[in-house]
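Containing PDB, C-alpha atoms: run.pdb.
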ATOM      1  CA  MET P   1     -21.320  31.263 -18.240  1.00  0.00           C
ATOM      2  CA  PRO P   2     -19.029  28.282 -18.986  1.00  0.00           C
ATOM      3  CA  SER P   3     -15.542  28.521 -17.558  1.00  0.00           C
ATOM      4  CA  PRO P   4     -12.441  28.509 -19.791  1.00  0.00           C
ATOM      5  CA  THR P   5     -11.015  25.144 -20.772  1.00  0.00           C
ATOM      6  CA  VAL P   6      -9.319  23.433 -17.848  1.00  0.00           C
ATOM      7  CA  PRO P   7      -6.373  21.320 -19.035  1.00  0.00           C
ATOM      8  CA  GLN P   8      -5.644  19.758 -15.669  1.00  0.00           C
ATOM      9  CA  SER P   9      -7.102  16.379 -14.837  1.00  0.00           C
ATOM     10  CA  ILE P  10      -9.840  15.847 -12.299  1.00  0.00           C
ATOM     11  CA  GLN P  11      -8.418  14.713  -8.960  1.00  0.00           C
ATOM     12  CA  ILE P  12     -10.399  13.309  -6.057  1.00  0.00           C
ATOM     13  CA  VAL P  13      -8.735  14.081  -2.728  1.00  0.00           C
ATOM     14  CA  PRO P  14     -10.351  12.815   0.472  1.00  0.00           C
ATOM     15  CA  SER P  15      -9.932  14.659   3.732  1.00  0.00           C
ATOM     16  CA  ILE P  16      -8.823  12.216   6.403  1.00  0.00           C
ATOM     17  CA  LEU P  17     -10.768  14.198   9.026  1.00  0.00           C
ATOM     18  CA  PRO P  18     -13.878  11.923   9.117  1.00  0.00           C
ATOM     19  CA  ALA P  19     -11.765   8.756   9.381  1.00  0.00           C
ATOM     20  CA  ASP P  20     -11.434   6.566  12.461  1.00  0.00           C
ATOM     21  CA  PHE P  21      -8.496   8.170  14.296  1.00  0.00           C
ATOM     22  CA  ALA P  22      -7.764   4.891  16.079  1.00  0.00           C
ATOM     23  CA  ARG P  23      -7.093   3.233  12.700  1.00  0.00           C
ATOM     24  CA  LEU P  24      -5.530   6.010  10.635  1.00  0.00           C
ATOM     25  CA  GLY P  25      -2.978   3.801   8.916  1.00  0.00           C
ATOM     26  CA  ASP P  26      -5.627   1.334   7.793  1.00  0.00           C
ATOM     27  CA  GLU P  27      -7.885   4.228   6.770  1.00  0.00           C
ATOM     28  CA  CYS P  28      -5.136   5.602   4.520  1.00  0.00           C
ATOM     29  CA  ALA P  29      -4.671   2.173   2.962  1.00  0.00           C
ATOM     30  CA  ALA P  30      -8.418   1.903   2.332  1.00  0.00           C
ATOM     31  CA  LEU P  31      -8.527   5.300   0.635  1.00  0.00           C
ATOM     32  CA  ALA P  32      -5.607   4.430  -1.615  1.00  0.00           C
ATOM     33  CA  GLU P  33      -7.298   1.136  -2.511  1.00  0.00           C
ATOM     34  CA  ALA P  34     -10.495   3.070  -3.324  1.00  0.00           C
ATOM     35  CA  GLY P  35      -8.707   4.940  -6.108  1.00  0.00           C
ATOM     36  CA  VAL P  36      -8.133   8.410  -4.660  1.00  0.00           C
ATOM     37  CA  ASP P  37      -5.535  10.650  -6.258  1.00  0.00           C
ATOM     38  CA  ARG P  38      -4.056  11.827  -2.969  1.00  0.00           C
ATOM     39  CA  ILE P  39      -4.969  12.273   0.705  1.00  0.00           C
ATOM     40  CA  GLN P  40      -5.366  15.582   2.515  1.00  0.00           C
ATOM     41  CA  TRP P  41      -4.294  16.001   6.127  1.00  0.00           C
ATOM     42  CA  ASP P  42      -6.227  18.825   7.800  1.00  0.00           C
ATOM     43  CA  VAL P  43      -3.641  20.255  10.182  1.00  0.00           C
ATOM     44  CA  MET P  44      -5.322  22.536  12.747  1.00  0.00           C
ATOM     45  CA  ASP P  45      -3.631  24.412  15.591  1.00  0.00           C
ATOM     46  CA  GLY P  46      -6.532  25.551  17.754  1.00  0.00           C
ATOM     47  CA  VAL P  47      -5.664  29.190  16.997  1.00  0.00           C
ATOM     48  CA  PHE P  48      -6.132  29.879  13.285  1.00  0.00           C
ATOM     49  CA  VAL P  49      -9.091  27.490  13.514  1.00  0.00           C
ATOM     50  CA  PRO P  50     -10.790  26.200  16.685  1.00  0.00           C
ATOM     51  CA  ASN P  51      -9.796  22.531  16.546  1.00  0.00           C
ATOM     52  CA  LEU P  52      -6.567  20.567  17.037  1.00  0.00           C
ATOM     53  CA  THR P  53      -5.742  17.673  14.742  1.00  0.00           C
ATOM     54  CA  PHE P  54      -2.612  16.066  13.282  1.00  0.00           C
ATOM     55  CA  GLY P  55       1.039  16.573  14.110  1.00  0.00           C
ATOM     56  CA  PRO P  56       3.836  15.392  11.821  1.00  0.00           C
ATOM     57  CA  ASP P  57       4.515  12.267  13.880  1.00  0.00           C
ATOM     58  CA  VAL P  58       0.994  10.979  13.231  1.00  0.00           C
ATOM     59  CA  ILE P  59       1.351  11.572   9.497  1.00  0.00           C
ATOM     60  CA  ALA P  60       4.783   9.933   9.415  1.00  0.00           C
ATOM     61  CA  ALA P  61       3.348   6.851  11.131  1.00  0.00           C
ATOM     62  CA  CYS P  62       0.680   6.577   8.413  1.00  0.00           C
ATOM     63  CA  ARG P  63       2.964   7.247   5.451  1.00  0.00           C
ATOM     64  CA  PRO P  64       3.925   3.559   4.856  1.00  0.00           C
ATOM     65  CA  TYR P  65       0.269   2.542   4.554  1.00  0.00           C
ATOM     66  CA  ALA P  66      -0.493   4.363   1.279  1.00  0.00           C
ATOM     67  CA  GLY P  67       1.474   4.984  -1.881  1.00  0.00           C
ATOM     68  CA  VAL P  68      -0.591   7.985  -2.943  1.00  0.00           C
ATOM     69  CA  MET P  69       0.531  11.558  -2.451  1.00  0.00           C
ATOM     70  CA  PHE P  70      -0.061  13.272   0.903  1.00  0.00           C
ATOM     71  CA  GLU P  71      -0.920  16.968   1.092  1.00  0.00           C
ATOM     72  CA  ALA P  72      -0.910  18.906   4.355  1.00  0.00           C
ATOM     73  CA  HIS P  73      -3.463  21.705   4.586  1.00  0.00           C
ATOM     74  CA  LEU P  74      -1.820  23.874   7.241  1.00  0.00           C
ATOM     75  CA  MET P  75      -4.652  25.717   8.973  1.00  0.00           C
ATOM     76  CA  VAL P  76      -2.202  27.221  11.447  1.00  0.00           C
ATOM     77  CA  VAL P  77      -0.814  30.567  12.518  1.00  0.00           C
ATOM     78  CA  ASN P  78       2.780  31.082  11.366  1.00  0.00           C
ATOM     79  CA  PRO P  79       3.414  27.782   9.565  1.00  0.00           C
ATOM     80  CA  ASP P  80       7.057  28.599   8.773  1.00  0.00           C
ATOM     81  CA  PRO P  81       8.696  26.818  11.744  1.00  0.00           C
ATOM     82  CA  MET P  82       6.851  23.571  11.039  1.00  0.00           C
ATOM     83  CA  LEU P  83       7.257  23.306   7.247  1.00  0.00           C
ATOM     84  CA  SER P  84      10.251  20.971   7.329  1.00  0.00           C
ATOM     85  CA  ALA P  85       8.594  18.660   9.865  1.00  0.00           C
ATOM     86  CA  TYR P  86       5.622  18.028   7.590  1.00  0.00           C
ATOM     87  CA  VAL P  87       7.831  17.470   4.554  1.00  0.00           C
ATOM     88  CA  ASP P  88       9.953  15.032   6.578  1.00  0.00           C
ATOM     89  CA  ALA P  89       6.718  13.293   7.640  1.00  0.00           C
ATOM     90  CA  GLY P  90       6.009  12.461   4.000  1.00  0.00           C
ATOM     91  CA  CYS P  91       3.807  15.286   2.737  1.00  0.00           C
ATOM     92  CA  GLU P  92       4.640  16.028  -0.890  1.00  0.00           C
ATOM     93  CA  MET P  93       2.480  19.176  -0.991  1.00  0.00           C
ATOM     94  CA  LEU P  94       2.098  21.860   1.671  1.00  0.00           C
ATOM     95  CA  ILE P  95      -0.847  24.268   1.527  1.00  0.00           C
ATOM     96  CA  VAL P  96      -0.452  27.480   3.522  1.00  0.00           C
ATOM     97  CA  HIS P  97      -3.140  30.082   4.085  1.00  0.00           C
ATOM     98  CA  ALA P  98      -2.593  33.528   2.636  1.00  0.00           C
ATOM     99  CA  GLU P  99      -4.203  34.912   5.795  1.00  0.00           C
ATOM    100  CA  SER P 100      -1.789  33.176   8.182  1.00  0.00           C
ATOM    101  CA  VAL P 101       1.647  34.309   6.995  1.00  0.00           C
ATOM    102  CA  THR P 102       3.418  37.642   7.002  1.00  0.00           C
ATOM    103  CA  HIS P 103       5.737  37.008   4.053  1.00  0.00           C
ATOM    104  CA  LEU P 104       3.868  34.751   1.630  1.00  0.00           C
ATOM    105  CA  HIS P 105       6.584  34.744  -1.031  1.00  0.00           C
ATOM    106  CA  ARG P 106       9.178  33.648   1.510  1.00  0.00           C
ATOM    107  CA  THR P 107       7.003  30.881   2.928  1.00  0.00           C
ATOM    108  CA  LEU P 108       6.096  29.423  -0.468  1.00  0.00           C
ATOM    109  CA  SER P 109       9.709  29.624  -1.625  1.00  0.00           C
ATOM    110  CA  ARG P 110      10.780  27.750   1.491  1.00  0.00           C
ATOM    111  CA  VAL P 111       8.306  24.952   0.759  1.00  0.00           C
ATOM    112  CA  ALA P 112       9.868  24.553  -2.682  1.00  0.00           C
ATOM    113  CA  GLU P 113      13.377  24.596  -1.199  1.00  0.00           C
ATOM    114  CA  LEU P 114      12.359  21.703   1.047  1.00  0.00           C
ATOM    115  CA  GLY P 115      11.405  19.669  -2.021  1.00  0.00           C
ATOM    116  CA  ALA P 116       7.619  19.825  -1.652  1.00  0.00           C
ATOM    117  CA  GLN P 117       5.010  21.356  -3.939  1.00  0.00           C
ATOM    118  CA  PRO P 118       3.897  24.783  -2.658  1.00  0.00           C
ATOM    119  CA  ALA P 119       0.212  25.669  -2.600  1.00  0.00           C
ATOM    120  CA  VAL P 120      -1.795  28.542  -1.151  1.00  0.00           C
ATOM    121  CA  ALA P 121      -5.315  28.603   0.308  1.00  0.00           C
ATOM    122  CA  ILE P 122      -7.783  31.465   0.623  1.00  0.00           C
ATOM    123  CA  ASN P 123     -10.752  31.646   2.978  1.00  0.00           C
ATOM    124  CA  PRO P 124     -14.229  32.542   1.722  1.00  0.00           C
ATOM    125  CA  ALA P 125     -13.866  36.234   2.594  1.00  0.00           C
ATOM    126  CA  THR P 126     -10.380  36.534   1.066  1.00  0.00           C
ATOM    127  CA  PRO P 127     -10.261  37.904  -2.498  1.00  0.00           C
ATOM    128  CA  VAL P 128      -8.440  36.288  -5.392  1.00  0.00           C
ATOM    129  CA  GLU P 129      -6.229  39.372  -5.632  1.00  0.00           C
ATOM    130  CA  SER P 130      -4.446  38.253  -2.466  1.00  0.00           C
ATOM    131  CA  VAL P 131      -2.714  35.442  -4.376  1.00  0.00           C
ATOM    132  CA  ALA P 132      -2.433  37.013  -7.836  1.00  0.00           C
ATOM    133  CA  HIS P 133       1.221  37.871  -7.293  1.00  0.00           C
ATOM    134  CA  VAL P 134       2.378  34.468  -6.051  1.00  0.00           C
ATOM    135  CA  LEU P 135       1.060  32.355  -8.926  1.00  0.00           C
ATOM    136  CA  ASP P 136       4.613  31.922 -10.193  1.00  0.00           C
ATOM    137  CA  LEU P 137       5.467  30.150  -6.929  1.00  0.00           C
ATOM    138  CA  VAL P 138       2.614  27.661  -6.522  1.00  0.00           C
ATOM    139  CA  ASP P 139       1.389  24.429  -8.059  1.00  0.00           C
ATOM    140  CA  MET P 140      -2.128  24.871  -6.727  1.00  0.00           C
ATOM    141  CA  VAL P 141      -4.543  27.394  -5.243  1.00  0.00           C
ATOM    142  CA  LEU P 142      -7.168  26.163  -2.792  1.00  0.00           C
ATOM    143  CA  VAL P 143     -10.438  28.094  -2.701  1.00  0.00           C
ATOM    144  CA  MET P 144     -12.199  27.266   0.561  1.00  0.00           C
ATOM    145  CA  THR P 145     -15.899  26.627  -0.014  1.00  0.00           C
ATOM    146  CA  VAL P 146     -16.569  26.683   3.735  1.00  0.00           C
ATOM    147  CA  ASN P 147     -14.918  28.543   6.580  1.00  0.00           C
ATOM    148  CA  PRO P 148     -12.110  26.237   7.743  1.00  0.00           C
ATOM    149  CA  GLY P 149     -11.997  24.386  11.031  1.00  0.00           C
ATOM    150  CA  PHE P 150     -14.877  21.903  11.007  1.00  0.00           C
ATOM    151  CA  GLY P 151     -15.963  19.004   8.828  1.00  0.00           C
ATOM    152  CA  GLY P 152     -19.497  18.494   7.599  1.00  0.00           C
ATOM    153  CA  GLN P 153     -20.280  22.115   6.758  1.00  0.00           C
ATOM    154  CA  ARG P 154     -22.593  23.270   3.978  1.00  0.00           C
ATOM    155  CA  TYR P 155     -21.015  24.191   0.635  1.00  0.00           C
ATOM    156  CA  LEU P 156     -20.950  27.921  -0.090  1.00  0.00           C
ATOM    157  CA  ALA P 157     -22.195  28.271  -3.659  1.00  0.00           C
ATOM    158  CA  THR P 158     -21.308  31.966  -3.471  1.00  0.00           C
ATOM    159  CA  MET P 159     -17.669  30.924  -3.913  1.00  0.00           C
ATOM    160  CA  GLU P 160     -18.276  29.784  -7.505  1.00  0.00           C
ATOM    161  CA  PRO P 161     -17.724  33.259  -9.018  1.00  0.00           C
ATOM    162  CA  LYS P 162     -14.432  33.408  -7.120  1.00  0.00           C
ATOM    163  CA  ILE P 163     -13.392  30.009  -8.509  1.00  0.00           C
ATOM    164  CA  ALA P 164     -14.255  31.239 -11.998  1.00  0.00           C
ATOM    165  CA  GLU P 165     -12.303  34.459 -11.449  1.00  0.00           C
ATOM    166  CA  LEU P 166      -9.248  32.486 -10.387  1.00  0.00           C
ATOM    167  CA  ARG P 167      -9.595  30.110 -13.342  1.00  0.00           C
ATOM    168  CA  ARG P 168      -9.710  33.086 -15.732  1.00  0.00           C
ATOM    169  CA  LEU P 169      -6.577  34.507 -14.131  1.00  0.00           C
ATOM    170  CA  VAL P 170      -4.750  31.194 -14.443  1.00  0.00           C
ATOM    171  CA  SER P 171      -5.978  30.707 -18.020  1.00  0.00           C
ATOM    172  CA  GLN P 172      -4.713  34.145 -18.996  1.00  0.00           C
ATOM    173  CA  SER P 173      -1.319  33.124 -17.677  1.00  0.00           C
ATOM    174  CA  ASP P 174      -1.519  29.920 -19.716  1.00  0.00           C
ATOM    175  CA  SER P 175      -2.182  31.831 -22.925  1.00  0.00           C
ATOM    176  CA  THR P 176       0.604  34.363 -22.399  1.00  0.00           C
ATOM    177  CA  GLY P 177       3.185  32.020 -20.962  1.00  0.00           C
ATOM    178  CA  ALA P 178       3.352  34.149 -17.832  1.00  0.00           C
ATOM    179  CA  SER P 179       3.469  32.953 -14.252  1.00  0.00           C
ATOM    180  CA  GLY P 180       0.563  30.762 -13.199  1.00  0.00           C
ATOM    181  CA  ALA P 181       0.501  28.404 -16.168  1.00  0.00           C
ATOM    182  CA  GLY P 182      -0.700  24.918 -15.310  1.00  0.00           C
ATOM    183  CA  ILE P 183      -1.925  25.675 -11.803  1.00  0.00           C
ATOM    184  CA  ASP P 184      -4.510  23.358 -10.275  1.00  0.00           C
ATOM    185  CA  ILE P 185      -7.535  24.842  -8.511  1.00  0.00           C
ATOM    186  CA  GLU P 186      -8.705  22.912  -5.478  1.00  0.00           C
ATOM    187  CA  VAL P 187     -11.973  23.323  -3.607  1.00  0.00           C
ATOM    188  CA  ASP P 188     -12.556  22.137  -0.066  1.00  0.00           C
ATOM    189  CA  GLY P 189     -15.768  22.208   1.952  1.00  0.00           C
ATOM    190  CA  GLY P 190     -19.147  20.629   1.383  1.00  0.00           C
ATOM    191  CA  ILE P 191     -18.027  18.785  -1.764  1.00  0.00           C
ATOM    192  CA  SER P 192     -20.488  16.007  -2.630  1.00  0.00           C
ATOM    193  CA  ALA P 193     -22.158  14.493  -5.683  1.00  0.00           C
ATOM    194  CA  GLU P 194     -24.580  17.427  -5.621  1.00  0.00           C
ATOM    195  CA  THR P 195     -21.992  20.218  -5.374  1.00  0.00           C
ATOM    196  CA  VAL P 196     -19.051  18.831  -7.309  1.00  0.00           C
ATOM    197  CA  GLY P 197     -20.632  19.689 -10.682  1.00  0.00           C
ATOM    198  CA  PRO P 198     -21.067  23.419 -10.039  1.00  0.00           C
ATOM    199  CA  ALA P 199     -17.572  23.656  -8.528  1.00  0.00           C
ATOM    200  CA  VAL P 200     -16.010  22.002 -11.586  1.00  0.00           C
ATOM    201  CA  ALA P 201     -18.132  24.053 -13.981  1.00  0.00           C
ATOM    202  CA  ALA P 202     -16.762  27.163 -12.285  1.00  0.00           C
ATOM    203  CA  GLY P 203     -13.185  25.998 -12.898  1.00  0.00           C
ATOM    204  CA  ALA P 204     -12.041  23.677 -10.119  1.00  0.00           C
ATOM    205  CA  ASN P 205     -10.272  20.431 -10.941  1.00  0.00           C
ATOM    206  CA  VAL P 206      -9.041  19.161  -7.542  1.00  0.00           C
ATOM    207  CA  LEU P 207     -11.918  18.173  -5.273  1.00  0.00           C
ATOM    208  CA  VAL P 208     -11.582  17.587  -1.545  1.00  0.00           C
ATOM    209  CA  SER P 209     -14.399  15.535  -0.054  1.00  0.00           C
ATOM    210  CA  GLY P 210     -14.631  14.435   3.543  1.00  0.00           C
ATOM    211  CA  SER P 211     -17.945  13.728   5.228  1.00  0.00           C
ATOM    212  CA  ALA P 212     -19.835  13.158   1.958  1.00  0.00           C
ATOM    213  CA  LEU P 213     -17.343  10.551   0.766  1.00  0.00           C
ATOM    214  CA  TYR P 214     -17.544   8.603   4.000  1.00  0.00           C
ATOM    215  CA  ARG P 215     -21.361   8.583   3.879  1.00  0.00           C
ATOM    216  CA  TYR P 216     -21.564   6.317   0.815  1.00  0.00           C
ATOM    217  CA  ALA P 217     -23.224   3.115   2.000  1.00  0.00           C
ATOM    218  CA  GLU P 218     -21.670   1.254  -0.943  1.00  0.00           C
ATOM    219  CA  GLY P 219     -18.178   2.058   0.284  1.00  0.00           C
ATOM    220  CA  LEU P 220     -15.286   4.404  -0.441  1.00  0.00           C
ATOM    221  CA  ALA P 221     -14.513   3.082  -3.927  1.00  0.00           C
ATOM    222  CA  HIS P 222     -18.087   3.694  -5.039  1.00  0.00           C
ATOM    223  CA  GLY P 223     -17.961   7.187  -3.571  1.00  0.00           C
ATOM    224  CA  VAL P 224     -14.709   8.059  -5.320  1.00  0.00           C
ATOM    225  CA  ALA P 225     -16.055   6.768  -8.627  1.00  0.00           C
ATOM    226  CA  ASP P 226     -19.319   8.660  -8.217  1.00  0.00           C
ATOM    227  CA  LEU P 227     -17.582  11.945  -7.430  1.00  0.00           C
ATOM    228  CA  ARG P 228     -15.194  11.499 -10.331  1.00  0.00           C
ATOM    229  CA  SER P 229     -18.034  10.679 -12.729  1.00  0.00           C
ATOM    230  CA  SER P 230     -20.016  13.724 -11.597  1.00  0.00           C
ATOM    231  CA  ALA P 231     -16.980  15.939 -11.987  1.00  0.00           C
ATOM    232  CA  GLU P 232     -16.126  14.643 -15.454  1.00  0.00           C
ATOM    233  CA  ALA P 233     -19.733  15.100 -16.560  1.00  0.00           C
ATOM    234  CA  ALA P 234     -19.592  18.762 -15.527  1.00  0.00           C
ATOM    235  CA  ARG P 235     -16.633  19.322 -17.847  1.00  0.00           C
ATOM    236  CA  ARG P 236     -18.281  17.927 -20.961  1.00  0.00           C
ATOM    237  CA  PRO P 237     -19.484  20.521 -23.507  1.00  0.00           C
TER     238      PRO P 237
END
Re-express the file's structure as C-alpha cells.
Amino acid sequence: MPSPTVPQSIQIVPSILPADFARLGDECAALAEAGVDRIQWDVMDGVFVPNLTFGPDVIAACRPYAGVMFEAHLMVVNPDPMLSAYVDAGCEMLIVHAESVTHLHRTLSRVAELGAQPAVAINPATPVESVAHVLDLVDMVLVMTVNPGFGGQRYLATMEPKIAELRRLVSQSDSTGASGAGIDIEVDGGISAETVGPAVAAGANVLVSGSALYRYAEGLAHGVADLRSSAEAARRP
C-alpha cells in the first residue's frame, strides 16, 4: 500500500565508515564535491556495538574539509557525557539510540540546548512505540535497516512496515498540528540502488548509504546521483 505523502525532500547521506581512514579529510571533501546532503559519522564505543570508530577530535580535524552538515550517529552506551564534545567538533545533528539512554527526553533536550538538531534511532527489534512520545523533541527518527555495528550488511526488508508505521504516525501529527510535524525519517543499513526504492516507498526520505555508494566504479558523484534518482522515482505516483 502506498505510504502517505512525504513533504520532506530526499537527502542522500553517506556513511564515512567505508572511507580511507588515512585520508578522512580528503574523503569528506570528495563526498561534498559529489553532491551529498550531509555526512554521517558512525560513532561506535565497542560496548553498545562491537567496533570502535571516531572520537570528536577526528571529526573536528575533518570539519574544515567539507561545508555540508555533519551528523553523528552515536552507537554508544550512555551518550550524555559526550554530547557537547561532538557538537563542539562540528556535528550539527546528534542521533542517540532509544535503547542506550535511561532518560530519553532529557538527552534529546540536552542536544537541543547545545544548539544541535536532536534525532533518535531505533534498532530493528525496537518498536516504533518507543519513540512515539519524543516526537516533539526530534528533527529526525532513524530506523535501522540492519543491526548496528558493521558496514556492508544486508538490508532488512522486514523493516519496511515499521518505516510505514512511523510515517503514518508523523503524518497524523502533520495533519493535526501536534508534535512530530515535519520530522524526517532516515534509514541506515544496506541502502543501495536496489533497496532505496522500497525504503522510500515505505516512507523514508533520508537515505544513508555506505558500502554501496563506494562501490560505484564511475565514482561517488555518479553513485549519489543514481541513489537520488532511484529514490525520487519511488516517490512518483
Go ahead and find all residues with at least one atom no further than 12 Å from (-6.0, 35.1, -4.8) in the file's coordinates, using only C-alpha atoms; report them as a PyMOL selection string.
-> chain P and resi 97-99+104+119-135+138+140-144+162-170+180+185
Could you write out as AutoDock Vina command-line options the box around segment 117-125 of chain P (axis-aligned, all atoms listed in the file, 3 Å on each side), with centre and edge lengths in Å to one decimal?
--center_x -4.6 --center_y 28.8 --center_z -0.5 --size_x 25.2 --size_y 20.9 --size_z 12.9
Could you check how far atom CA of Gly182 of chain P sits from atom CA of Ala234 of chain P, in Å to one decimal?
->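 So the answer is 19.9 Å.
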Please identify all polymer residues within 10 Å of Val43 of chain P, counting only C-alpha atoms, omitting same-chain residues fewer than 3 positions from it, and present them as a list of chain:residue names.
->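 Once the nearby chain positions are removed, what remains is P:Leu17, P:Gln40, P:Gly46, P:Val49, P:Asn51, P:Leu52, P:Thr53, P:Phe54, P:Gly55, P:Pro56, P:Ala72, P:His73, P:Leu74, P:Met75, P:Val76, P:Tyr86, P:Ile95, P:Gly149.
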Ground truth for the PyMOL selection byres ((chain P and resi 64) around 10), written as an mmCIF file with C-alpha atoms, keeping the file's coordinate frame:
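Final file, part_12.cif:
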data_model
loop_
_atom_site.group_PDB
_atom_site.id
_atom_site.type_symbol
_atom_site.label_atom_id
_atom_site.label_comp_id
_atom_site.auth_asym_id
_atom_site.auth_seq_id
_atom_site.Cartn_x
_atom_site.Cartn_y
_atom_site.Cartn_z
ATOM 1 C CA GLY P 25 -2.978 3.801 8.916
ATOM 2 C CA CYS P 28 -5.136 5.602 4.520
ATOM 3 C CA ALA P 29 -4.671 2.173 2.962
ATOM 4 C CA ILE P 59 1.351 11.572 9.497
ATOM 5 C CA ALA P 60 4.783 9.933 9.415
ATOM 6 C CA ALA P 61 3.348 6.851 11.131
ATOM 7 C CA CYS P 62 0.680 6.577 8.413
ATOM 8 C CA ARG P 63 2.964 7.247 5.451
ATOM 9 C CA TYR P 65 0.269 2.542 4.554
ATOM 10 C CA ALA P 66 -0.493 4.363 1.279
ATOM 11 C CA GLY P 67 1.474 4.984 -1.881
ATOM 12 C CA GLY P 90 6.009 12.461 4.000
#
Would you work out the distance separating atom CA of Arg106 of chain P from atom CA of Leu137 of chain P, expressed in Å to one decimal?
->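 Between atom CA of Arg106 of chain P and atom CA of Leu137 of chain P the gap works out to 9.9 Å.
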Hits from the PyMOL selection byres ((chain P and resi 214) around 10), listed as a ChimeraX atom specification | /P:14-16,18-19,209-213,215-220,223-224
In Å and to one decimal, atom CA of Glu71 of chain P is distant from atom CA of Ser229 of chain P by 22.9 Å
Could you give me, as a list of chain:residue names, the residues that have an atom at most 10 Å away from the point (-20.8, 31.2, -4.8) in the coordinates of the file, using all atoms listed in the file?
-> P:Pro124, P:Thr145, P:Tyr155, P:Leu156, P:Ala157, P:Thr158, P:Met159, P:Glu160, P:Pro161, P:Lys162, P:Ile163, P:Ala164, P:Pro198, P:Ala199, P:Ala202
Restricting the calculation to only C-alpha atoms, which member of P:Asp26, P:Val96, P:Val13, P:Asp88 is positioned closest to Val68 of chain P?
->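 Answer, going by the shortest atom-to-atom distance: P:Val13.
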Expanded to explicit residues, what is the PyMOL selection byres ((chain P and resi 112) around 12) for this file, as a PyMOL selection string?
-> chain P and resi 83-84+87+92-95+105-111+113-119+136-139
Nearest-residue call for Gly197 of chain P, choices P:Glu232, P:Asp226, P:Asp184, P:Asp37, using all atoms listed in the file =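 The answer is P:Glu232, which sits nearest to Gly197 of chain P.
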Hey, which of P:Arg236, P:Arg154, P:Arg38, P:His103 ends up closest to Val206 of chain P? Count only C-alpha atoms.
->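 Nearest to Val206 of chain P: P:Arg38.
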